[in-house]
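Trainee: I am sharing upload_36.tsv, which consists of TSV, C-alpha atoms:
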```tsv
chain	number	residue	atom	x	y	z
A	1	MET	CA	92.27	115.02	108.41
A	2	LYS	CA	93.92	118.08	106.95
A	3	THR	CA	93.11	118.48	103.26
A	4	ARG	CA	96.88	118.58	102.69
A	5	LEU	CA	97.05	114.84	103.48
A	6	SER	CA	94.91	113.96	100.47
A	7	LYS	CA	97.82	115.00	98.24
A	8	HIS	CA	100.05	112.37	99.82
A	9	LEU	CA	97.50	109.54	99.92
A	10	ARG	CA	96.99	106.93	97.21
A	11	CYS	CA	94.60	104.02	96.86
A	12	PRO	CA	96.15	101.13	98.82
A	13	ILE	CA	94.91	98.71	96.14
A	14	SER	CA	95.87	100.42	92.87
A	15	ARG	CA	98.16	103.25	94.10
A	16	GLU	CA	96.17	105.74	92.01
A	17	PRO	CA	95.49	109.29	93.29
A	18	LEU	CA	92.27	109.74	95.24
A	19	GLU	CA	89.47	112.27	95.05
A	20	LEU	CA	88.51	113.91	98.34
A	21	VAL	CA	84.81	114.40	99.05
A	22	ALA	CA	84.40	116.30	102.32
A	23	TRP	CA	81.08	116.21	104.17
A	24	GLU	CA	81.88	117.70	107.57
A	25	THR	CA	84.74	120.19	107.97
A	26	PHE	CA	86.00	122.84	110.34
A	27	GLU	CA	88.81	125.40	110.30
A	28	ARG	CA	91.76	125.45	112.69
A	29	PRO	CA	93.29	128.92	113.12
A	30	LEU	CA	96.94	129.11	112.05
A	31	ASP	CA	99.38	131.53	113.63
A	32	ALA	CA	101.69	133.73	111.58
A	33	ALA	CA	104.70	131.45	112.09
A	34	THR	CA	102.79	128.44	110.75
A	35	ARG	CA	101.57	130.37	107.73
A	36	SER	CA	105.08	131.57	107.02
A	37	ARG	CA	106.51	128.08	107.34
A	38	ALA	CA	103.79	126.64	105.10
A	39	ALA	CA	104.61	129.24	102.44
A	40	SER	CA	108.33	128.41	102.62
A	41	LEU	CA	107.46	124.75	101.97
A	42	GLY	CA	105.14	125.57	99.08
A	43	ILE	CA	102.04	124.54	101.05
A	44	GLU	CA	98.84	126.54	100.86
A	45	PRO	CA	97.92	127.48	104.45
A	46	ALA	CA	94.29	126.54	103.78
A	47	GLU	CA	95.44	122.94	103.23
A	48	LEU	CA	96.65	122.83	106.83
A	49	ALA	CA	93.79	124.81	108.36
A	50	THR	CA	90.87	122.87	106.85
A	51	GLU	CA	90.07	119.70	108.80
A	52	VAL	CA	87.78	117.06	107.32
A	53	GLN	CA	85.88	115.27	110.07
A	54	SER	CA	83.83	113.04	107.78
A	55	GLY	CA	83.79	112.27	104.09
A	56	VAL	CA	85.34	109.81	101.66
A	57	LEU	CA	88.40	109.38	99.49
A	58	LEU	CA	87.39	107.93	96.14
A	59	SER	CA	89.38	105.43	94.12
A	60	LYS	CA	87.85	105.84	90.66
A	61	ARG	CA	89.53	102.75	89.24
A	62	GLU	CA	88.51	100.44	92.08
A	63	LYS	CA	85.16	102.18	92.72
A	64	VAL	CA	85.97	102.12	96.43
A	65	ALA	CA	85.16	104.90	98.87
A	66	PHE	CA	87.58	104.96	101.79
A	67	PRO	CA	85.83	106.61	104.74
A	68	ILE	CA	87.07	109.51	106.84
A	69	VAL	CA	85.80	108.97	110.37
A	70	ASP	CA	86.34	111.37	113.29
A	71	GLY	CA	89.04	113.20	111.37
A	72	VAL	CA	91.07	110.12	110.39
A	73	PRO	CA	91.10	108.57	106.89
A	74	ARG	CA	90.54	104.80	107.18
A	75	MET	CA	92.58	103.34	104.33
A	76	ILE	CA	92.14	99.72	105.34
A	77	THR	CA	90.84	97.42	102.62
A	78	PHE	CA	88.73	95.08	104.73
A	79	ARG	CA	85.42	95.54	106.55
A	80	ALA	CA	86.70	96.69	109.92
A	81	GLY	CA	84.37	97.86	112.67
A	82	VAL	CA	84.97	101.55	111.94
A	83	VAL	CA	83.93	100.98	108.31
A	84	ALA	CA	80.71	99.28	109.42
A	85	LYS	CA	79.92	102.20	111.76
A	86	PHE	CA	80.52	104.66	108.94
A	87	ASP	CA	78.11	102.67	106.78
A	88	GLU	CA	75.43	102.88	109.46
A	89	ARG	CA	75.76	106.67	109.63
A	90	PHE	CA	76.59	107.64	106.07
A	91	GLY	CA	75.83	104.60	103.90
A	92	GLU	CA	72.60	105.99	102.53
A	93	ARG	CA	74.27	109.30	101.68
A	94	LEU	CA	77.15	107.52	99.97
A	95	ARG	CA	74.83	105.49	97.77
A	96	ARG	CA	72.68	108.52	96.98
A	97	GLU	CA	75.42	111.02	96.20
A	98	LEU	CA	78.12	108.70	94.85
A	99	PRO	CA	76.34	105.83	93.06
A	100	GLY	CA	78.60	103.03	91.95
A	101	TYR	CA	81.02	103.42	94.87
A	102	ALA	CA	81.21	101.00	97.79
A	103	LEU	CA	83.03	100.91	101.08
A	104	PRO	CA	86.01	98.52	101.41
A	105	GLU	CA	84.89	94.89	101.37
A	106	GLY	CA	88.14	92.99	100.79
A	107	GLY	CA	89.47	90.22	102.98
A	108	ALA	CA	91.96	90.91	105.74
A	109	LEU	CA	95.45	89.50	105.42
A	110	GLU	CA	96.52	86.81	107.84
A	111	GLY	CA	96.06	87.92	111.43
A	112	GLU	CA	95.28	91.56	110.65
A	113	GLU	CA	91.90	91.55	112.38
A	114	GLU	CA	93.53	90.10	115.51
A	115	VAL	CA	96.36	92.63	115.31
A	116	LEU	CA	93.85	95.48	114.99
A	117	ARG	CA	91.88	94.18	117.97
A	118	THR	CA	94.76	93.52	120.39
A	119	PHE	CA	96.80	96.63	119.67
A	120	SER	CA	93.72	98.83	119.74
A	121	SER	CA	92.98	97.53	123.23
A	122	GLU	CA	96.58	98.09	124.28
A	123	TRP	CA	96.98	101.66	123.09
A	124	THR	CA	93.49	103.13	123.52
A	125	GLY	CA	93.62	101.93	127.13
A	126	TYR	CA	97.03	103.55	127.62
A	127	ASP	CA	96.13	106.97	126.21
A	128	TRP	CA	98.57	109.87	126.68
A	129	ASP	CA	99.20	111.92	129.78
A	130	GLY	CA	102.27	113.82	128.60
A	131	GLN	CA	104.30	112.37	131.47
A	132	THR	CA	105.17	108.74	130.86
A	133	TYR	CA	106.04	106.71	127.79
A	134	TRP	CA	106.55	103.04	128.56
A	135	ASN	CA	108.94	102.91	131.53
A	136	LEU	CA	110.45	106.36	131.01
A	137	ASN	CA	109.27	109.90	131.34
A	138	ALA	CA	108.24	111.39	128.03
A	139	GLN	CA	111.26	113.66	127.59
A	140	THR	CA	113.72	110.82	128.26
A	141	TRP	CA	111.85	108.66	125.76
A	142	PHE	CA	112.05	111.38	123.11
A	143	LYS	CA	115.76	111.83	123.82
A	144	ALA	CA	116.25	108.08	123.48
A	145	MET	CA	114.35	108.00	120.18
A	146	ASP	CA	116.44	110.88	118.82
A	147	TYR	CA	119.58	108.97	119.74
A	148	VAL	CA	118.46	105.65	118.28
A	149	LEU	CA	117.12	107.28	115.10
A	150	GLN	CA	120.34	109.34	114.92
A	151	LEU	CA	118.46	112.60	114.53
A	152	GLU	CA	119.96	116.02	115.21
A	153	PRO	CA	117.66	119.05	115.63
A	154	ASN	CA	116.15	120.17	112.32
A	155	GLN	CA	117.94	117.41	110.40
A	156	LEU	CA	114.69	116.73	108.56
A	157	ASP	CA	113.82	120.37	108.03
A	158	GLY	CA	111.40	120.63	105.11
A	159	LYS	CA	111.42	116.85	104.59
A	160	LEU	CA	108.50	114.42	104.47
A	161	ALA	CA	108.68	111.61	107.04
A	162	LEU	CA	106.57	108.54	107.80
A	163	GLU	CA	106.19	106.71	111.11
A	164	VAL	CA	104.89	103.18	110.62
A	165	GLY	CA	103.11	102.31	113.84
A	166	ILE	CA	102.30	105.74	115.27
A	167	GLY	CA	100.55	104.36	118.36
A	168	ILE	CA	99.22	107.25	120.42
A	169	GLY	CA	101.31	109.75	118.48
A	170	GLY	CA	103.76	111.23	120.98
A	171	VAL	CA	106.91	110.31	119.06
A	172	ALA	CA	105.54	111.47	115.69
A	173	ASP	CA	104.54	114.81	117.22
A	174	HIS	CA	108.00	115.17	118.77
A	175	VAL	CA	109.79	114.34	115.50
A	176	CYS	CA	107.56	116.77	113.63
A	177	ARG	CA	108.18	119.66	116.02
A	178	SER	CA	111.87	119.07	116.78
A	179	GLN	CA	112.86	118.31	113.20
A	180	GLY	CA	110.86	120.88	111.29
A	181	ALA	CA	109.48	118.03	109.22
A	182	GLU	CA	106.08	117.23	107.79
A	183	VAL	CA	105.21	113.85	109.31
A	184	VAL	CA	102.62	111.23	108.43
A	185	GLY	CA	101.80	108.70	111.15
A	186	MET	CA	100.26	105.41	110.07
A	187	ASP	CA	98.83	102.62	112.22
A	188	LEU	CA	96.48	99.69	111.72
A	189	GLY	CA	94.84	100.05	115.13
A	190	TYR	CA	92.44	102.54	116.67
A	191	ALA	CA	95.26	104.21	118.56
A	192	VAL	CA	95.05	106.64	115.63
A	193	ASP	CA	91.97	108.11	117.30
A	194	VAL	CA	93.95	108.80	120.48
A	195	ALA	CA	96.78	110.29	118.39
A	196	TYR	CA	94.38	112.54	116.49
A	197	ARG	CA	92.66	113.66	119.69
A	198	HIS	CA	95.93	114.69	121.31
A	199	PHE	CA	98.09	115.79	118.37
A	200	GLY	CA	95.72	116.46	115.47
A	201	ALA	CA	96.11	120.21	116.02
A	202	ASN	CA	99.78	120.01	114.98
A	203	PRO	CA	99.51	121.56	111.50
A	204	PHE	CA	102.36	119.53	110.03
A	205	LEU	CA	101.36	116.13	111.47
A	206	HIS	CA	98.98	113.83	109.57
A	207	ILE	CA	97.38	110.63	110.86
A	208	VAL	CA	96.02	107.73	108.83
A	209	GLN	CA	94.72	104.25	109.64
A	210	ALA	CA	96.23	101.74	107.23
A	211	SER	CA	98.05	98.43	106.89
A	212	ALA	CA	101.82	98.15	106.47
A	213	PHE	CA	101.17	95.51	103.81
A	214	LYS	CA	99.04	97.88	101.72
A	215	PRO	CA	100.29	101.36	102.58
A	216	PRO	CA	98.23	104.13	100.93
A	217	PHE	CA	101.14	105.97	99.35
A	218	ALA	CA	103.01	106.01	96.07
A	219	LYS	CA	106.40	104.34	95.93
A	220	GLN	CA	109.38	106.56	96.76
A	221	THR	CA	107.28	109.20	98.55
A	222	PHE	CA	109.16	109.78	101.82
A	223	ASP	CA	112.56	111.25	102.67
A	224	PHE	CA	112.69	109.39	105.98
A	225	ILE	CA	110.76	106.38	107.25
A	226	TYR	CA	111.05	104.85	110.69
A	227	SER	CA	109.31	101.95	112.38
A	228	PHE	CA	110.09	101.13	115.99
A	229	GLY	CA	108.80	97.89	117.51
A	230	VAL	CA	105.94	97.31	115.05
A	231	LEU	CA	106.60	95.17	111.98
A	232	HIS	CA	107.54	92.08	114.00
A	233	HIS	CA	103.90	92.02	115.14
A	234	THR	CA	102.69	91.18	111.61
A	235	PHE	CA	102.36	87.72	110.07
A	236	SER	CA	105.50	88.38	107.98
A	237	THR	CA	108.01	91.01	109.06
A	238	LYS	CA	109.87	90.65	105.77
A	239	THR	CA	106.74	91.16	103.63
A	240	ALA	CA	105.85	94.26	105.62
A	241	PHE	CA	109.43	95.50	105.33
A	242	ASP	CA	109.36	95.16	101.56
A	243	ALA	CA	106.09	97.12	101.29
A	244	VAL	CA	107.22	99.92	103.59
A	245	GLY	CA	110.77	100.12	102.26
A	246	ALA	CA	109.44	100.74	98.75
A	247	LEU	CA	108.00	104.07	99.98
A	248	THR	CA	111.50	105.48	100.60
A	249	LYS	CA	112.75	108.05	98.08
A	250	ALA	CA	116.05	107.63	96.28
A	251	ALA	CA	118.71	108.83	98.77
A	252	GLY	CA	116.04	108.65	101.50
A	253	ARG	CA	116.62	106.80	104.77
A	254	PHE	CA	114.70	103.93	106.35
A	255	PHE	CA	115.14	102.90	110.01
A	256	LEU	CA	113.79	99.62	111.39
A	257	TRP	CA	113.75	98.35	114.99
A	258	VAL	CA	112.47	94.84	115.69
A	259	TYR	CA	112.81	92.26	118.43
A	260	SER	CA	116.05	90.29	118.54
A	261	PRO	CA	116.41	86.71	119.79
A	262	ASN	CA	119.65	87.78	121.48
A	263	ASN	CA	117.86	90.27	123.73
A	264	GLU	CA	115.72	87.49	125.17
A	265	THR	CA	118.75	85.46	126.31
A	266	ARG	CA	120.88	88.14	127.95
A	267	SER	CA	119.71	87.26	131.48
A	268	LEU	CA	118.05	84.42	133.38
A	269	LEU	CA	115.01	86.62	134.01
A	270	ARG	CA	114.55	87.37	130.31
A	271	ARG	CA	114.88	83.69	129.45
A	272	ALA	CA	112.17	82.88	131.99
A	273	LEU	CA	109.89	85.63	130.64
A	274	MET	CA	110.38	84.31	127.13
A	275	GLN	CA	109.28	80.84	128.21
A	276	ILE	CA	106.19	82.26	129.90
A	277	GLU	CA	105.37	84.32	126.82
A	278	ASN	CA	105.73	81.35	124.49
A	279	VAL	CA	103.15	79.43	126.51
A	280	ALA	CA	100.73	82.21	127.48
A	281	ARG	CA	100.59	84.47	124.43
A	282	PRO	CA	99.03	82.00	121.95
A	283	VAL	CA	96.23	81.40	124.45
A	284	ILE	CA	95.64	84.96	125.66
A	285	THR	CA	95.60	86.47	122.17
A	286	LYS	CA	92.49	84.44	121.29
A	287	LEU	CA	90.47	85.65	124.27
A	288	PRO	CA	87.88	88.47	124.07
A	289	GLU	CA	89.07	91.79	125.43
A	290	LYS	CA	87.39	91.49	128.84
A	291	ALA	CA	88.72	87.96	129.27
A	292	GLN	CA	92.20	89.18	128.32
A	293	ALA	CA	92.01	91.83	131.01
A	294	LEU	CA	91.05	89.22	133.60
A	295	ALA	CA	93.82	86.90	132.49
A	296	LEU	CA	96.40	89.69	132.71
A	297	ALA	CA	95.21	91.10	136.05
A	298	PRO	CA	97.54	88.88	138.17
A	299	THR	CA	100.56	90.27	136.32
A	300	ILE	CA	99.80	93.89	137.23
A	301	PRO	CA	101.29	93.85	140.77
A	302	VAL	CA	104.32	92.00	139.40
A	303	TYR	CA	104.97	94.68	136.79
A	304	MET	CA	104.35	97.47	139.31
A	305	GLY	CA	106.66	95.89	141.88
A	306	TRP	CA	109.43	95.25	139.37
A	307	GLN	CA	109.24	98.81	138.06
A	308	ALA	CA	109.33	100.25	141.58
A	309	LEU	CA	112.49	98.20	142.21
A	310	GLN	CA	114.06	99.60	139.05
A	311	VAL	CA	113.30	103.13	140.22
A	312	LEU	CA	114.96	102.44	143.58
A	313	ARG	CA	118.02	101.07	141.79
A	314	GLY	CA	118.20	104.14	139.57
A	315	ASN	CA	117.43	102.17	136.39
A	316	ALA	CA	114.12	103.91	135.64
A	317	ASP	CA	112.59	107.32	136.24
A	318	VAL	CA	108.86	106.56	136.49
A	319	ARG	CA	106.81	104.17	138.55
A	320	TYR	CA	104.12	102.05	136.97
A	321	GLY	CA	100.51	102.59	137.87
A	322	VAL	CA	97.78	100.12	136.91
A	323	ARG	CA	97.49	101.73	133.47
A	324	GLU	CA	101.19	101.37	132.67
A	325	ALA	CA	101.37	97.84	134.07
A	326	MET	CA	98.38	96.66	132.02
A	327	HIS	CA	99.89	98.27	128.93
A	328	ALA	CA	103.18	96.42	129.45
A	329	ALA	CA	101.36	93.12	130.03
A	330	ARG	CA	99.22	93.55	126.93
A	331	ASP	CA	102.25	94.36	124.82
A	332	ARG	CA	104.04	91.19	125.84
A	333	LEU	CA	101.19	88.70	126.09
A	334	THR	CA	98.39	89.64	123.70
A	335	PRO	CA	99.91	90.07	120.19
A	336	LYS	CA	99.20	87.24	117.79
A	337	PHE	CA	102.69	87.62	116.30
A	338	ALA	CA	105.95	88.62	117.96
A	339	HIS	CA	108.78	87.51	115.68
A	340	ARG	CA	112.46	87.83	116.57
A	341	HIS	CA	115.04	88.68	113.91
A	342	THR	CA	118.82	88.82	113.98
A	343	GLU	CA	120.73	91.85	112.84
A	344	ASP	CA	122.33	89.91	109.96
A	345	GLU	CA	118.89	88.83	108.76
A	346	VAL	CA	117.56	92.40	108.69
A	347	VAL	CA	120.74	93.73	107.05
A	348	GLY	CA	120.07	91.20	104.28
A	349	TRP	CA	116.56	92.62	103.77
A	350	PHE	CA	117.98	96.13	103.39
A	351	ARG	CA	120.54	95.02	100.83
A	352	GLU	CA	117.96	93.04	98.88
A	353	ASN	CA	115.76	96.14	98.67
A	354	GLY	CA	118.49	98.41	97.31
A	355	PHE	CA	119.66	100.10	100.52
A	356	GLY	CA	123.28	100.91	101.26
A	357	ALA	CA	125.26	102.90	103.84
A	358	LEU	CA	123.87	100.46	106.41
A	359	ARG	CA	124.30	101.14	110.11
A	360	ARG	CA	123.83	98.53	112.82
A	361	GLY	CA	122.65	99.32	116.32
A	362	SER	CA	125.06	96.77	117.79
A	363	GLU	CA	128.01	98.85	116.58
A	364	ARG	CA	126.90	101.94	118.48
A	365	GLU	CA	127.88	103.03	121.96
A	366	VAL	CA	125.11	102.66	124.56
A	367	PRO	CA	125.20	105.75	126.78
A	368	SER	CA	124.61	105.21	130.47
A	369	TRP	CA	121.23	106.97	130.38
A	370	LEU	CA	119.86	104.86	127.49
A	371	PRO	CA	117.91	101.70	128.48
A	372	VAL	CA	119.89	98.76	127.15
A	373	GLY	CA	116.91	97.32	125.25
A	374	PHE	CA	116.97	100.18	122.75
A	375	LEU	CA	120.11	98.80	121.13
A	376	ALA	CA	120.14	95.23	122.47
A	377	ASN	CA	117.38	94.49	119.99
A	378	THR	CA	117.81	94.70	116.21
A	379	ALA	CA	118.16	98.27	114.95
A	380	VAL	CA	119.30	98.86	111.36
A	381	ASP	CA	119.00	101.78	108.99
A	382	GLY	CA	120.11	102.47	105.45
A	383	VAL	CA	119.90	104.83	102.50
A	384	ARG	CA	118.07	103.83	99.31
A	385	GLU	CA	120.59	103.56	96.46
A	386	ARG	CA	118.36	102.00	93.83
```
What is this file in structure tokens?
Mentor:
Amino acid sequence: MKTRLSKHLRCPISREPLELVAWETFERPLDAATRSRAASLGIEPAELATEVQSGVLLSKREKVAFPIVDGVPRMITFRAGVVAKFDERFGERLRRELPGYALPEGGALEGEEEVLRTFSSEWTGYDWDGQTYWNLNAQTWFKAMDYVLQLEPNQLDGKLALEVGIGIGGVADHVCRSQGAEVVGMDLGYAVDVAYRHFGANPFLHIVQASAFKPPFAKQTFDFIYSFGVLHHTFSTKTAFDAVGALTKAAGRFFLWVYSPNNETRSLLRRALMQIENVARPVITKLPEKAQALALAPTIPVYMGWQALQVLRGNADVRYGVREAMHAARDRLTPKFAHRHTEDEVVGWFRENGFGALRRGSEREVPSWLPVGFLANTAVDGVRER
């Protein structure tokens, strides 16, 4: 965690500023261009160069110490496994040096422990090889995201952006570098550790583990917020939307992409897959990780064969290996929640939360190179007016 991030973070319970107590740190060298850019943004270079590997962020009002583990601040409010491991290693030091403070002990919201477990398994197993992203090569995926998010190069120059659901971090790193933005990537799962390992050296990218329902930021903090394929995997997409949308600055933009019921009926194959998912997912999501892997194993050759067929037809540019096939199977069949929302429904959420200048994905042209699913699902963005 760069010390710069502590200036953006707030207690997810009270929204008060936090006090950083760093125990293990190291310095990343910054080149001249980075130092110059930091100065132009009013950022002290030392705030980007100093990495905190372990320590705590103190909420004085709540008397809670949020742990920093392996370079990532863990701003979750319940006793997750990473918090318990921190307690084993640093608990005695915490109680000795910071008496009166305790690690997070709250209860998880509905399904959050299952969401953390299943998506951690999905993304930490996928990792990042710099070549493939889902069923596309990485550069095509980044081009597709730029198109869907309607981003031109350096459009966010000097702005502060938030990705809700950073996953393994490739998109956040791309947005940060191509846009000239300072980006914060937030995720509930342990994919944040993969993201930090691969992209933590990016001086203007920050990574935090936190819940969309209790985001650790002040209201109206970000110039641009985007969430692609994430909030529908919570117990209430609308509740998560309200919490995240409130972080958008006045005149800032918020983009949301969620599953659409219409996308699941556009072909006989997709209707069949939806029926299989409706039966299998509620069962598979309850299984332990190893049992999930066994249950999903028969689907791997199916995914690999289907993807190979798409490559032959010219509809995809990468073949699935076992890793990619397991990732796709986990994404479809292990989440506890996978809600579908119509475009009109989501447009209503934006209006209710004070957003205008709304743009619908369905009204946009789908270029021949863009996979149809990018805009066949529900994609809406708007500008905060109040």
Trainee: With distances taken over all atoms listed in the file, which of A:Lys249, A:Val56, A:Ala201, A:Leu370 is nearest to Arg93 in chain A?
Mentor: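 Checking each of A:Lys249, A:Val56, A:Ala201, A:Leu370 against Arg93 in chain A, counting all atoms listed in the file, the winner is A:Val56.
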Trainee: Nearest residue to Arg340 in chain A out of A:Val184, A:Leu294, A:Met274, A:Val322, using all atoms listed in the file?
Mentor: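 With all atoms listed in the file as the atom set, the closest residue is A:Met274.
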Trainee: What does the structure give for the distance between CA of Ala210 in chain A and CA of Leu156 in chain A, in Å to one decimal?
Mentor: 23.8 Å
Trainee: I'd like to know which of A:Ala376, A:Leu151, A:Ala272, A:Ile284 is closest to Val258 in chain A, using all atoms listed in the file.
Mentor: A:Ala376
Trainee: Give as a ChimeraX atom specification each residue that has an atom at most 12 Å from (90.6, 115.6, 109.4) in the file, counting only C-alpha atoms.
Mentor: /A:1-6,20-28,47-57,67-74,192-193,196-197,199-203,205-208
Trainee: Enter the distance from CA of Thr34 in chain A to CA of Ile225 in chain A, in Å, rounded to one decimal.
Mentor: 23.7 Å
Trainee: For Phe241 in chain A, please output as a VMD selection string all residues within 9 Å (counting all atoms listed in the file; exclusion window: fewer than 6 positions along the same chain).
Mentor: chain A and resid 212 to 213 231 256 349 to 350
Trainee: Just the residues within 12 Å of Ser236 in chain A, please, counting all atoms listed in the file, with nothing from its chain fewer than 5 positions along; format it as a ChimeraX atom specification.
Mentor: /A:109-112,212-213,230-231,241-243,336-341
Trainee: For Phe217 in chain A, which residue among A:Leu9, A:Tyr147, A:Met304, A:Ile168 is the nearest when counting all atoms listed in the file?
Mentor: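 Among the listed residues, the smallest separation from Phe217 in chain A belongs to A:Leu9.
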Trainee: Return the single residue from A:Val175, A:Ala316, A:Leu162, A:Val346 that is closest to Ser368 in chain A, with distances computed using all atoms listed in the file.
Mentor: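 Selected residue with least distance to Ser368 in chain A: A:Ala316.
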Trainee: Write out as a list in words each polymer residue whose atoms come within 9 Å of Leu273 in chain A, counting all atoms listed in the file; drop sequence neighbours fewer than 5 positions from it.
Mentor: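 In the requested format, the answer is Glu264, Leu268 and Asn278 of chain A.
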Trainee: Taking into account all atoms listed in the file, which residue in the set A:Thr248, A:Thr239, A:Ser362, A:Asn315 is nearest to Lys214 in chain A?
Mentor: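 Ranked by minimum distance to Lys214 in chain A, first place goes to A:Thr239.
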Trainee: What does the structure give for the distance between CA of Gly356 in chain A and CA of Phe255 in chain A, in Å to one decimal?
Mentor: 12.1 Å
Trainee: Where's the centre, and what are the edge lengths in Å to one decimal, of a box along x, y and z enclosing all listed atoms of range 343-351 of chain A padded 5 Å per side, as lines of an AutoDock Vina configuration file?
Mentor:
```
center_x = 119.4
center_y = 92.5
center_z = 106.8
size_x = 15.8
size_y = 17.3
size_z = 22.0
```
Trainee: Just want the 7 Å neighbourhood of Leu58 in chain A, counted on only C-alpha atoms, with same-chain residues fewer than 3 positions away dropped. Output as an MDAnalysis selection string.
Mentor: chainID A and resid 18:20 64:66
Trainee: Quick one: residues within 10 Å of His198 in chain A, only C-alpha atoms counted, chain neighbours fewer than 6 positions away excluded, as a list of chain:residue names?
Mentor: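 The residues that qualify are A:Asp127, A:Trp128, A:Asp129, A:Gly130, A:Ile168, A:Gly169, A:Gly170, A:Asp173, A:Val192.
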Trainee: At most 12 Å from (96.8, 87.3, 129.8), file frame, only C-alpha atoms: which residues, as a ChimeraX atom specification?
Mentor: /A:118,276-300,326-335
